[in-house]
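This is data22.cif. It holds mmCIF, C-alpha atoms.
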data_final
loop_
_atom_site.label_atom_id
_atom_site.label_comp_id
_atom_site.auth_asym_id
_atom_site.auth_seq_id
_atom_site.Cartn_x
_atom_site.Cartn_y
_atom_site.Cartn_z
CA MET H 229 129.68 151.43 158.09
CA SER H 230 132.92 152.02 160.02
CA GLY H 231 136.21 152.48 158.16
CA ALA H 232 137.56 149.24 159.63
CA ARG H 233 134.52 147.27 158.49
CA PHE H 234 134.68 148.85 155.04
CA ARG H 235 138.32 147.82 154.70
CA ARG H 236 137.50 144.27 155.82
CA ARG H 237 134.73 144.04 153.25
CA ALA H 238 137.09 145.29 150.55
CA VAL H 239 139.76 142.80 151.53
CA GLY H 240 137.12 140.07 151.54
CA VAL H 241 136.60 140.45 147.81
CA VAL H 242 140.01 138.84 147.41
CA SER H 243 140.08 135.06 147.84
CA VAL H 244 142.05 134.11 150.86
CA LEU H 245 143.82 130.85 149.91
CA LEU H 246 141.91 128.62 147.66
CA LEU H 247 141.57 125.25 149.20
CA ALA H 248 139.32 123.50 146.86
CA LEU H 249 137.60 120.32 146.42
CA CYS H 250 134.90 119.36 144.17
CA GLY H 251 132.31 116.82 143.62
CA PRO H 252 130.10 115.14 141.38
CA LEU H 253 127.27 113.46 140.57
CA THR H 254 124.60 113.62 138.16
CA ALA H 255 125.00 114.01 134.51
CA SER H 256 128.38 115.26 133.51
CA ALA H 257 127.58 118.77 132.47
CA ALA H 258 130.14 121.04 130.88
CA ALA H 259 132.28 122.92 133.39
CA GLN H 260 131.00 126.37 134.25
CA PRO H 261 133.21 129.34 133.43
CA GLY H 262 135.27 130.69 136.30
CA ALA H 263 134.94 134.15 137.74
CA SER H 264 136.31 136.98 135.63
CA SER H 265 139.68 138.35 136.68
CA GLY H 266 138.40 141.88 136.27
CA THR H 267 135.38 143.72 137.60
CA PRO H 268 132.30 142.73 135.59
CA SER H 269 130.99 145.69 133.65
CA THR H 270 127.36 144.64 133.27
CA PRO H 271 124.70 143.00 135.46
CA VAL H 272 124.78 139.98 133.15
CA ALA H 273 128.53 139.57 133.73
CA VAL H 274 128.00 139.76 137.48
CA SER H 275 125.34 137.05 137.41
CA ARG H 276 127.59 134.73 135.40
CA ALA H 277 130.70 135.17 137.54
CA LYS H 278 131.62 131.98 139.41
CA HIS H 279 133.96 131.00 142.21
CA SER H 280 134.66 128.00 144.44
CA VAL H 281 132.90 127.79 147.81
CA VAL H 282 133.39 125.22 150.57
CA THR H 283 130.27 123.06 150.98
CA TRP H 284 131.54 120.66 153.64
CA GLY H 285 134.49 120.48 156.02
CA ALA H 286 135.74 118.50 159.00
CA SER H 287 138.79 119.50 161.03
CA ALA H 288 141.80 117.28 160.49
CA ASP H 289 143.57 115.82 163.51
CA ARG H 290 146.10 113.11 164.31
CA GLN H 291 144.58 109.62 164.35
CA GLY H 292 146.00 106.17 165.02
CA ALA H 293 147.96 104.05 162.58
CA GLY H 294 145.97 102.79 159.60
CA PRO H 295 146.32 99.67 157.44
CA ALA H 296 148.51 100.04 154.36
CA ASP H 297 146.03 98.63 151.83
CA ARG H 298 142.48 99.74 152.54
CA SER H 299 139.44 101.41 151.02
CA TYR H 300 137.38 104.06 152.81
CA ARG H 301 133.79 105.02 152.01
CA LEU H 302 133.15 108.44 153.56
CA ILE H 303 129.65 109.94 153.73
CA VAL H 304 129.27 113.71 154.03
CA ARG H 305 126.29 116.06 153.79
CA THR H 306 126.74 118.99 151.43
CA SER H 307 125.47 122.40 152.47
CA ILE H 308 125.49 124.42 149.25
CA GLY H 309 125.03 123.03 145.75
CA GLY H 310 127.06 123.79 142.64
CA THR H 311 129.18 122.36 139.86
CA ASN H 312 132.76 121.17 139.39
CA LEU H 313 133.15 119.49 142.75
CA ARG H 314 136.62 119.12 144.26
CA ILE H 315 137.86 117.31 147.34
CA ARG H 316 140.81 118.04 149.61
CA LEU H 317 142.76 115.08 150.93
CA SER H 318 144.98 115.66 153.92
CA ASN H 319 148.14 114.03 155.21
CA ALA H 320 148.68 116.96 157.58
CA PHE H 321 149.41 114.77 160.60
CA GLY H 322 151.12 111.89 158.84
CA GLU H 323 154.79 111.10 159.23
CA HIS H 324 155.15 109.29 155.91
CA PRO H 325 153.86 109.79 152.35
CA VAL H 326 150.49 108.21 151.59
CA THR H 327 149.19 107.21 148.18
CA PHE H 328 145.58 107.58 147.13
CA ALA H 329 145.52 105.00 144.37
CA SER H 330 141.98 105.93 143.35
CA ALA H 331 139.19 108.27 144.43
CA TYR H 332 135.52 108.24 143.45
CA ALA H 333 132.58 110.50 144.18
CA GLY H 334 128.98 109.28 144.18
CA LEU H 335 125.60 109.70 145.83
CA ARG H 336 124.37 107.51 148.65
CA LYS H 337 121.29 105.34 148.31
CA GLN H 338 121.40 103.74 151.76
CA GLY H 339 124.12 102.53 154.11
CA ALA H 340 127.25 101.95 152.03
CA GLU H 341 125.25 101.50 148.81
CA LEU H 342 125.40 104.18 146.13
CA VAL H 343 122.83 105.40 143.65
CA HIS H 344 123.36 103.33 140.51
CA GLY H 345 125.46 105.16 137.93
CA SER H 346 126.49 108.01 140.25
CA ASN H 347 130.00 106.81 141.22
CA ARG H 348 132.57 108.68 139.11
CA GLN H 349 136.36 108.62 139.23
CA MET H 350 138.22 111.74 140.29
CA SER H 351 141.66 112.85 139.17
CA PHE H 352 144.63 114.80 140.51
CA GLY H 353 146.58 116.80 137.98
CA GLY H 354 145.06 114.59 135.32
CA ALA H 355 146.17 111.36 137.00
CA ALA H 356 143.99 108.75 138.69
CA SER H 357 146.30 108.48 141.71
CA VAL H 358 148.33 110.87 143.83
CA THR H 359 150.98 110.55 146.55
CA VAL H 360 150.79 113.16 149.31
CA PRO H 361 153.96 113.86 151.35
CA ALA H 362 153.86 113.96 155.14
CA GLY H 363 152.35 117.20 156.38
CA GLU H 364 150.78 118.12 153.04
CA THR H 365 147.33 118.24 151.44
CA VAL H 366 146.15 117.86 147.85
CA LEU H 367 143.18 119.14 145.88
CA SER H 368 141.48 117.07 143.24
CA ASP H 369 140.72 118.27 139.75
CA PRO H 370 137.19 119.61 139.29
CA LEU H 371 134.64 116.91 138.52
CA PRO H 372 132.18 118.24 135.91
CA GLY H 373 128.49 118.01 136.70
CA ASP H 374 125.95 119.31 139.20
CA LEU H 375 125.85 118.55 142.91
CA ALA H 376 122.72 119.48 144.85
CA ALA H 377 122.59 121.15 148.23
CA GLN H 378 121.84 118.85 151.19
CA SER H 379 123.09 115.77 149.30
CA ASP H 380 124.61 112.65 150.86
CA LEU H 381 127.88 112.76 148.97
CA VAL H 382 130.03 109.63 149.14
CA ILE H 383 133.79 109.82 148.65
CA SER H 384 135.44 106.42 148.23
CA LEU H 385 139.23 106.23 148.54
CA TYR H 386 141.65 103.39 147.97
CA VAL H 387 144.71 104.12 150.13
CA THR H 388 148.06 102.35 149.81
CA GLY H 389 151.38 102.75 151.57
CA ALA H 390 149.90 104.20 154.74
CA GLN H 391 152.08 103.77 157.82
CA GLY H 392 152.27 105.50 161.16
CA PRO H 393 149.71 108.10 162.25
CA THR H 394 146.85 108.87 159.90
CA THR H 395 144.97 112.13 159.39
CA GLY H 396 141.24 112.32 159.96
CA HIS H 397 138.34 113.51 162.07
CA GLY H 398 137.68 111.26 165.02
CA MET H 399 134.04 111.98 165.90
CA ALA H 400 132.03 112.05 162.70
CA MET H 401 128.57 111.35 164.20
CA GLN H 402 128.15 109.56 160.89
CA THR H 403 128.58 105.89 160.05
CA ASN H 404 131.25 105.46 157.39
CA TYR H 405 132.69 102.23 156.00
CA ALA H 406 136.02 100.57 155.25
CA THR H 407 137.26 97.34 153.73
CA ALA H 408 140.52 95.64 152.78
CA GLY H 409 141.73 96.01 149.19
CA ASP H 410 140.50 98.17 146.34
CA HIS H 411 136.71 98.58 146.23
CA ALA H 412 136.42 102.33 145.65
CA ALA H 413 134.79 101.96 142.23
CA GLU H 414 132.04 99.63 143.44
CA GLU H 415 128.54 101.01 143.95
CA GLY H 416 127.23 98.07 145.96
CA ALA H 417 127.57 97.64 149.71
CA ALA H 418 128.50 93.95 149.90
CA ASP H 419 132.25 94.41 150.37
CA TRP H 420 132.00 97.34 152.80
CA THR H 421 131.94 95.24 155.94
CA ASP H 422 133.71 97.49 158.46
CA PRO H 423 131.55 100.36 159.79
CA MET H 424 133.43 103.18 161.50
CA GLY H 425 132.59 106.43 163.26
CA SER H 426 135.36 108.63 161.85
CA TRP H 427 136.29 110.35 158.60
CA TYR H 428 139.80 109.64 157.31
CA TRP H 429 141.95 111.66 154.89
CA LEU H 430 139.08 113.80 153.53
CA ASP H 431 138.85 117.21 155.21
CA ALA H 432 136.96 119.47 152.79
CA VAL H 433 134.74 119.59 149.71
CA ASP H 434 133.98 122.60 147.55
CA VAL H 435 131.82 123.42 144.55
CA GLU H 436 131.67 126.21 142.00
CA THR H 437 128.74 128.60 142.29
CA SER H 438 127.82 132.25 141.86
CA ALA H 439 130.50 134.70 142.97
CA ALA H 440 127.81 136.41 145.05
CA ILE H 441 127.48 133.37 147.32
CA GLY H 442 129.73 132.42 150.25
CA SER H 443 129.97 130.14 153.27
CA VAL H 444 130.27 130.34 157.05
CA VAL H 445 132.76 128.19 158.96
CA THR H 446 131.75 127.14 162.48
CA LEU H 447 134.89 126.98 164.62
CA GLY H 448 134.19 125.08 167.81
CA ASP H 449 134.49 122.10 170.13
CA SER H 450 132.38 119.01 170.87
CA ILE H 451 129.11 120.95 170.92
CA THR H 452 129.76 122.12 167.36
CA ASP H 453 131.11 118.67 166.47
CA GLY H 454 127.69 117.30 167.41
CA TRP H 455 128.27 115.19 170.51
CA ALA H 456 124.89 114.11 172.02
CA SER H 457 123.06 114.70 168.74
CA THR H 458 121.63 111.69 166.90
CA THR H 459 124.22 109.80 164.85
CA ASP H 460 123.53 109.55 161.09
CA GLU H 461 120.74 112.15 161.22
CA ASN H 462 122.74 115.38 160.64
CA ARG H 463 121.37 117.07 163.74
CA ARG H 464 124.43 119.02 164.83
CA TRP H 465 123.61 122.69 165.27
CA PRO H 466 125.58 123.64 162.10
CA ASP H 467 123.39 121.14 160.18
CA TYR H 468 120.25 122.88 161.38
CA LEU H 469 121.86 126.21 160.48
CA SER H 470 122.64 124.92 156.99
CA ARG H 471 119.03 123.94 156.42
CA ARG H 472 117.85 127.37 157.59
CA LEU H 473 120.24 129.08 155.19
CA GLN H 474 119.08 126.97 152.27
CA ALA H 475 115.45 127.76 152.99
CA ALA H 476 116.00 131.50 153.42
CA SER H 477 115.79 133.93 150.52
CA GLY H 478 117.85 137.02 149.86
CA LEU H 479 120.99 135.81 151.64
CA THR H 480 124.51 135.69 150.22
CA VAL H 481 125.89 133.30 152.87
CA LYS H 482 124.53 129.84 152.04
CA GLY H 483 127.25 127.24 152.72
CA VAL H 484 128.33 125.83 156.09
CA ALA H 485 131.58 124.04 156.95
CA ASN H 486 131.67 122.44 160.42
CA GLU H 487 135.17 122.77 161.90
CA GLY H 488 134.39 121.61 165.43
CA ILE H 489 136.71 119.20 167.27
CA SER H 490 135.60 117.44 170.44
CA GLY H 491 137.66 118.67 173.40
CA ASN H 492 139.19 121.57 171.45
CA LYS H 493 140.53 124.65 173.25
CA VAL H 494 141.40 128.22 172.40
CA LEU H 495 144.64 128.42 174.38
CA ALA H 496 146.22 124.96 174.28
CA ASP H 497 146.74 122.08 171.89
CA GLY H 498 145.35 118.72 172.91
CA ALA H 499 142.17 117.48 171.29
CA GLY H 500 143.24 118.92 167.98
CA GLN H 501 145.44 121.95 167.64
CA ALA H 502 144.25 125.01 169.56
CA ALA H 503 141.78 127.13 167.60
CA PRO H 504 144.30 129.83 166.61
CA ASN H 505 146.81 127.16 165.54
CA ARG H 506 144.36 125.50 163.16
CA LEU H 507 142.72 128.69 161.94
CA GLN H 508 144.69 128.84 158.69
CA ARG H 509 143.98 125.25 157.66
CA ASP H 510 140.40 124.98 158.86
CA VAL H 511 139.09 128.47 158.07
CA LEU H 512 141.31 130.87 156.15
CA SER H 513 142.36 128.35 153.49
CA GLN H 514 138.78 127.43 152.62
CA PRO H 515 137.43 129.03 149.43
CA GLY H 516 134.49 131.39 149.48
CA VAL H 517 134.40 131.90 153.25
CA ARG H 518 132.58 135.08 154.28
CA THR H 519 132.26 134.50 158.03
CA VAL H 520 133.73 132.46 160.86
CA PHE H 521 131.32 131.62 163.69
CA LEU H 522 133.50 131.43 166.80
CA PHE H 523 132.07 129.26 169.58
CA GLU H 524 134.88 127.97 171.79
CA GLY H 525 136.06 128.32 175.37
CA ILE H 526 134.30 125.85 177.64
CA ASN H 527 137.19 123.35 177.54
CA ASP H 528 139.70 126.04 178.56
CA ILE H 529 137.43 127.30 181.32
CA LYS H 530 136.60 123.95 182.93
CA ALA H 531 140.14 122.56 182.75
CA HIS H 532 141.26 124.10 186.09
CA SER H 533 144.52 125.23 184.47
CA GLY H 534 144.44 128.76 185.84
CA VAL H 535 142.99 130.31 182.69
CA THR H 536 141.69 133.84 183.32
CA VAL H 537 139.17 136.02 181.53
CA ASP H 538 142.05 138.10 180.15
CA ASP H 539 143.73 134.95 178.83
CA MET H 540 140.57 133.98 176.98
CA ILE H 541 140.13 137.48 175.57
CA ALA H 542 143.69 137.43 174.23
CA GLY H 543 143.01 134.12 172.47
CA TYR H 544 139.74 135.36 171.00
CA ARG H 545 141.36 138.59 169.81
CA GLN H 546 144.03 136.65 167.95
CA ILE H 547 141.38 134.76 166.00
CA ILE H 548 139.30 137.87 165.38
CA ASP H 549 142.25 139.97 164.20
CA ARG H 550 143.52 137.31 161.80
CA ALA H 551 140.09 136.71 160.35
CA HIS H 552 139.48 140.43 159.88
CA ALA H 553 142.88 140.81 158.21
CA ALA H 554 141.74 138.17 155.72
CA GLY H 555 138.49 140.04 155.06
CA ILE H 556 136.34 137.55 156.98
CA CYS H 557 133.55 138.53 159.37
CA VAL H 558 133.53 137.07 162.89
CA VAL H 559 130.33 136.19 164.71
CA GLY H 560 130.88 135.09 168.31
CA ALA H 561 128.70 133.04 170.63
CA THR H 562 128.52 133.11 174.41
CA VAL H 563 129.70 130.06 176.37
CA MET H 564 126.80 127.87 177.50
CA PRO H 565 126.07 126.79 181.11
CA PHE H 566 127.60 123.59 182.47
CA LYS H 567 126.60 123.27 186.12
CA GLY H 568 126.25 119.56 186.90
CA TRP H 569 129.25 118.61 184.76
CA ALA H 570 131.98 117.00 186.89
CA GLU H 571 134.48 119.85 186.40
CA TYR H 572 132.07 122.63 187.31
CA ASP H 573 132.97 124.90 190.24
CA ALA H 574 132.45 128.50 191.31
CA ALA H 575 135.83 129.65 190.00
CA SER H 576 135.27 128.32 186.48
CA GLU H 577 131.73 129.72 186.49
CA ALA H 578 133.14 133.16 187.33
CA VAL H 579 135.47 132.95 184.32
CA ARG H 580 132.57 131.90 182.09
CA GLN H 581 130.51 134.86 183.23
CA GLY H 582 133.42 137.24 182.63
CA VAL H 583 134.07 135.82 179.17
CA ASN H 584 130.40 136.11 178.25
CA ASP H 585 130.29 139.71 179.41
CA TRP H 586 133.19 140.51 177.08
CA ILE H 587 131.63 138.63 174.16
CA ARG H 588 128.34 140.49 174.57
CA ASN H 589 129.68 143.97 175.25
CA SER H 590 133.23 144.48 173.95
CA GLY H 591 132.30 145.31 170.37
CA ALA H 592 135.26 143.26 169.14
CA LEU H 593 132.98 140.90 167.21
CA ASP H 594 130.95 141.80 164.16
CA ALA H 595 127.88 140.16 165.71
CA VAL H 596 126.99 138.01 168.73
CA THR H 597 124.65 135.05 169.18
CA ASP H 598 123.75 134.52 172.82
CA PHE H 599 123.75 130.72 173.15
CA ASP H 600 123.96 131.08 176.94
CA ARG H 601 120.69 132.99 177.10
CA ILE H 602 118.93 130.61 174.70
CA THR H 603 119.92 127.36 176.45
CA ARG H 604 120.04 128.22 180.17
CA ASN H 605 117.46 127.24 182.76
CA PRO H 606 115.54 130.37 183.82
CA TYR H 607 115.22 128.99 187.38
CA ASP H 608 118.97 128.30 187.67
CA PRO H 609 120.91 130.15 184.92
CA GLN H 610 124.07 128.14 185.58
CA LEU H 611 122.26 125.00 184.36
CA ILE H 612 121.33 124.03 180.83
CA LEU H 613 117.58 123.84 180.35
CA PRO H 614 116.53 120.19 181.00
CA PHE H 615 114.55 120.11 177.73
CA PHE H 616 117.83 120.82 175.87
CA ASP H 617 120.16 118.71 178.04
CA GLY H 618 121.77 115.77 176.22
CA GLY H 619 122.23 114.04 179.59
CA ASP H 620 125.59 115.29 180.86
CA HIS H 621 124.59 118.91 181.65
CA LEU H 622 126.99 120.32 179.04
CA HIS H 623 126.10 118.98 175.59
CA PRO H 624 122.69 119.81 174.10
CA ASN H 625 120.44 117.15 172.58
CA ASP H 626 118.80 117.44 169.16
CA LYS H 627 116.25 119.96 170.45
CA GLY H 628 119.01 122.05 171.98
CA MET H 629 121.02 121.90 168.76
CA GLN H 630 118.02 123.14 166.80
CA ALA H 631 117.37 125.94 169.29
CA MET H 632 120.97 127.09 168.93
CA ALA H 633 120.73 127.22 165.14
CA ASP H 634 117.38 129.00 165.34
CA ALA H 635 118.94 131.66 167.57
CA VAL H 636 121.41 132.75 164.89
CA ASP H 637 120.41 135.94 163.08
CA LEU H 638 121.10 134.82 159.51
CA ARG H 639 121.76 138.39 158.40
CA SER H 640 124.60 138.58 160.94
CA LEU H 641 126.57 136.03 158.92
CA ALA H 642 127.35 138.75 156.39
CA SER H 643 127.57 141.61 158.83
CA CYS H 644 130.84 143.31 157.89
#
Since I need it in another form, could you write the structure as structure tokens?
Amino acid sequence: MSGARFRRRAVGVVSVLLLALCGPLTASAAAQPGASSGTPSTPVAVSRAKHSVVTWGASADRQGAGPADRSYRLIVRTSIGGTNLRIRLSNAFGEHPVTFASAYAGLRKQGAELVHGSNRQMSFGGAASVTVPAGETVLSDPLPGDLAAQSDLVISLYVTGAQGPTTGHGMAMQTNYATAGDHAAEEGAADWTDPMGSWYWLDAVDVETSAAIGSVVTLGDSITDGWASTTDENRRWPDYLSRRLQAASGLTVKGVANEGISGNKVLADGAGQAAPNRLQRDVLSQPGVRTVFLFEGINDIKAHSGVTVDDMIAGYRQIIDRAHAAGICVVGATVMPFKGWAEYDAASEAVRQGVNDWIRNSGALDAVTDFDRITRNPYDPQLILPFFDGGDHLHPNDKGMQAMADAVDLRSLASC
């Protein structure tokens, strides 16, 4: 192991900024003890040490104005299981304070209906409600009890006082629900009459689990966000990766947080803040993160803004250096083919090829997954393989998403 990698691993033992959120559901078991502040002296102490690990995430962005008196029922799929669930509520892009008058966590039965008896009230500093100033986030108190991996967790929020821009994730690829008034405590679906395709306010969930276990954050654009995958079926490539990790034995990286934003870039704000500008909130502040999987660049390359290979390398290096300084591994992926997309031309293809050469051969990354090689057409390598093409020659379908996840060497997710 190189000296630099050894130092990064040592730094990684220290939690980077605990963002935490927790969740619920099942019988309310006693809270598990937290990790010891010192080094455990026996194998038994090591096995009992606990820490918080992100189990779900969705990048926050600026959304349109929201009603001032409304309930939101938000459905998310956990990756890793644990106890003492917490949620993070974000007003990062708001211009006014917003009050969460109540918050509940339950398990989904179907649609907006919850499993009977699973919906439990959450608290914030011991109180049932919390007001979050503009630009801020808040973590809930831990909710005692067990939460299984691969669960449909339902967070129901009653929001008052909202005005101006809201904070949320625009393209959920998941049907969520809203309604006027306060219905957060209800387990039935009758009053949840407004389906919606976004997540609002909620941007992360974490659980407490063994201190030996961590998560990977996938930092990306619309391909990572899941565009062209089947809505409501959790078929984004990070979902397939999560299921692989759960099924695998002998791995210490088990959780997955999807921090993709459709249209996102490395070098410029626009569809969400540029990747380096949101790195702290979306990656470094998440608890228990061992690795960031960096898969961005196509939106910079196809934008015809004069971006060069050197420009892209500089942006990647900023992300890599900051992650390494925080003790987090960085796995990079090559940029996939996009011939047939309206913005494709020879100049942008040349940049893509140069970027991919650097990703494969520079040694700046701790590991590389070659998504380009996996998804390209062998008869025309500038095209995505038709079997994987979601229809627009850029975004993969469900089969392509699965092939991407299957291409990841799971051991590489803890490679430094």
- request: List the residues selected by the PyMOL selection byres ((chain H and resi 488) around 6) in the file shown, writing them as an MDAnalysis selection string.
  value: chainID H and resid 447:449 452:453 486:487 489
query: What do you get, as a ChimeraX atom specification, if you spell out every residue that the PyMOL selection byres ((chain H and resi 297-302) around 10) selects here?
result: /H:294-296,303-304,327-333,340-341,380-391,400,402-413,417,420,422-430
Interatomic distance (Å, one decimal) between atom CA of H:Trp455 and atom CA of H:Ser443: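 Computing the Euclidean distance for atom CA of H:Trp455 and atom CA of H:Ser443 yields 22.9 Å.
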Residues of stretch 476-556 of chain H that have any atom at most 10 Å from an atom of stretch 569-573 of chain H: could you tabulate them with the shortest-distance atom pair and the distance in Å to one decimal, using only C-alpha atoms, ordered by chain and increasing number, as JSON lines?
{"residue": "H:Asn527", "atom": "CA", "partner": "H:Glu571", "partner_atom": "CA", "distance": 9.9}
{"residue": "H:Ile529", "atom": "CA", "partner": "H:Tyr572", "partner_atom": "CA", "distance": 9.3}
{"residue": "H:Lys530", "atom": "CA", "partner": "H:Glu571", "partner_atom": "CA", "distance": 5.8}
{"residue": "H:Ala531", "atom": "CA", "partner": "H:Glu571", "partner_atom": "CA", "distance": 7.3}
{"residue": "H:His532", "atom": "CA", "partner": "H:Glu571", "partner_atom": "CA", "distance": 8.0}
message: Taking the file as I've supplied it (selection: the PyMOL selection byres ((chain H and resi 466) around 8)), which residues are included? Please answer as a ChimeraX atom specification.
response: /H:446,452,463-465,467-470,484-486,633
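Between H:Gly560 and the residues H:Ser640, H:Gln514, H:Gln610, H:Thr306, the shortest atom-to-atom distance, using only C-alpha atoms, involves H:Ser640.
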query: To one decimal place, how far is atom CA of H:Cys557 from atom CA of H:Leu522 in Å?
result: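 Computing it gives 10.3 Å between the two atoms.
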- prompt: From the list H:Ile451, H:Val596, H:Val517, H:Leu611, which residue is nearest H:Met629 when using only C-alpha atoms?
  reply: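 Answer, going by the shortest atom-to-atom distance: H:Ile451.
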message: My list of candidates is H:Gln546, H:Ser457, H:Ile587, H:Ala554. Which is closest to H:Phe616 when distances are computed with all atoms listed in the file?
response: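 The shortest atom-to-atom distance to H:Phe616 comes from H:Ser457.
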Let me have the centre and edge lengths of the axis-aligned box enclosing all listed atoms of stretch 286-296 of chain H with 3 Å padding on every side, in Å to one decimal, as AutoDock Vina command-line options.
--center_x 142.1 --center_y 109.6 --center_z 159.7 --size_x 18.8 --size_y 25.8 --size_z 16.7
Missing atoms in stretch 545-564 of chain H: can you complete it with N, CA and C atoms, as a short mmCIF file (atom, residue, chain, number, x, y, z; two decimals), in the frame of the given file?
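Listing of rebuild06.cif after writing:
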data_model
loop_
_atom_site.label_atom_id
_atom_site.label_comp_id
_atom_site.auth_asym_id
_atom_site.auth_seq_id
_atom_site.Cartn_x
_atom_site.Cartn_y
_atom_site.Cartn_z
N ARG H 545 140.91 137.45 170.63
CA ARG H 545 141.36 138.59 169.81
C ARG H 545 142.31 138.13 168.71
N GLN H 546 143.12 137.15 168.99
CA GLN H 546 144.03 136.65 167.95
C GLN H 546 143.24 136.09 166.76
N ILE H 547 142.21 135.32 167.07
CA ILE H 547 141.38 134.76 166.00
C ILE H 547 140.64 135.86 165.25
N ILE H 548 140.05 136.79 166.00
CA ILE H 548 139.30 137.87 165.38
C ILE H 548 140.18 138.72 164.48
N ASP H 549 141.36 139.10 164.98
CA ASP H 549 142.25 139.97 164.20
C ASP H 549 142.73 139.29 162.92
N ARG H 550 143.06 138.02 162.99
CA ARG H 550 143.52 137.31 161.80
C ARG H 550 142.41 137.12 160.79
N ALA H 551 141.22 136.84 161.27
CA ALA H 551 140.09 136.71 160.35
C ALA H 551 139.78 138.04 159.67
N HIS H 552 139.75 139.11 160.45
CA HIS H 552 139.48 140.43 159.88
C HIS H 552 140.56 140.82 158.86
N ALA H 553 141.80 140.49 159.15
CA ALA H 553 142.88 140.81 158.21
C ALA H 553 142.70 140.08 156.88
N ALA H 554 142.02 138.94 156.94
CA ALA H 554 141.74 138.17 155.72
C ALA H 554 140.41 138.57 155.09
N GLY H 555 139.74 139.59 155.63
CA GLY H 555 138.49 140.04 155.06
C GLY H 555 137.30 139.19 155.44
N ILE H 556 137.39 138.47 156.54
CA ILE H 556 136.34 137.55 156.98
C ILE H 556 135.65 138.10 158.22
N CYS H 557 134.33 138.10 158.21
CA CYS H 557 133.55 138.53 159.37
C CYS H 557 133.70 137.52 160.49
N VAL H 558 133.49 137.96 161.73
CA VAL H 558 133.53 137.07 162.89
C VAL H 558 132.28 137.28 163.72
N VAL H 559 131.47 136.22 163.81
CA VAL H 559 130.33 136.19 164.71
C VAL H 559 130.73 135.34 165.91
N GLY H 560 130.53 135.83 167.11
CA GLY H 560 130.88 135.09 168.31
C GLY H 560 129.65 134.63 169.05
N ALA H 561 129.80 133.55 169.81
CA ALA H 561 128.70 133.04 170.63
C ALA H 561 129.14 132.94 172.07
N THR H 562 128.23 133.24 172.99
CA THR H 562 128.52 133.11 174.41
C THR H 562 128.67 131.64 174.80
N VAL H 563 129.42 131.41 175.87
CA VAL H 563 129.70 130.06 176.37
C VAL H 563 128.50 129.58 177.18
N MET H 564 128.04 128.39 176.90
CA MET H 564 126.80 127.87 177.50
C MET H 564 127.02 127.36 178.92
#
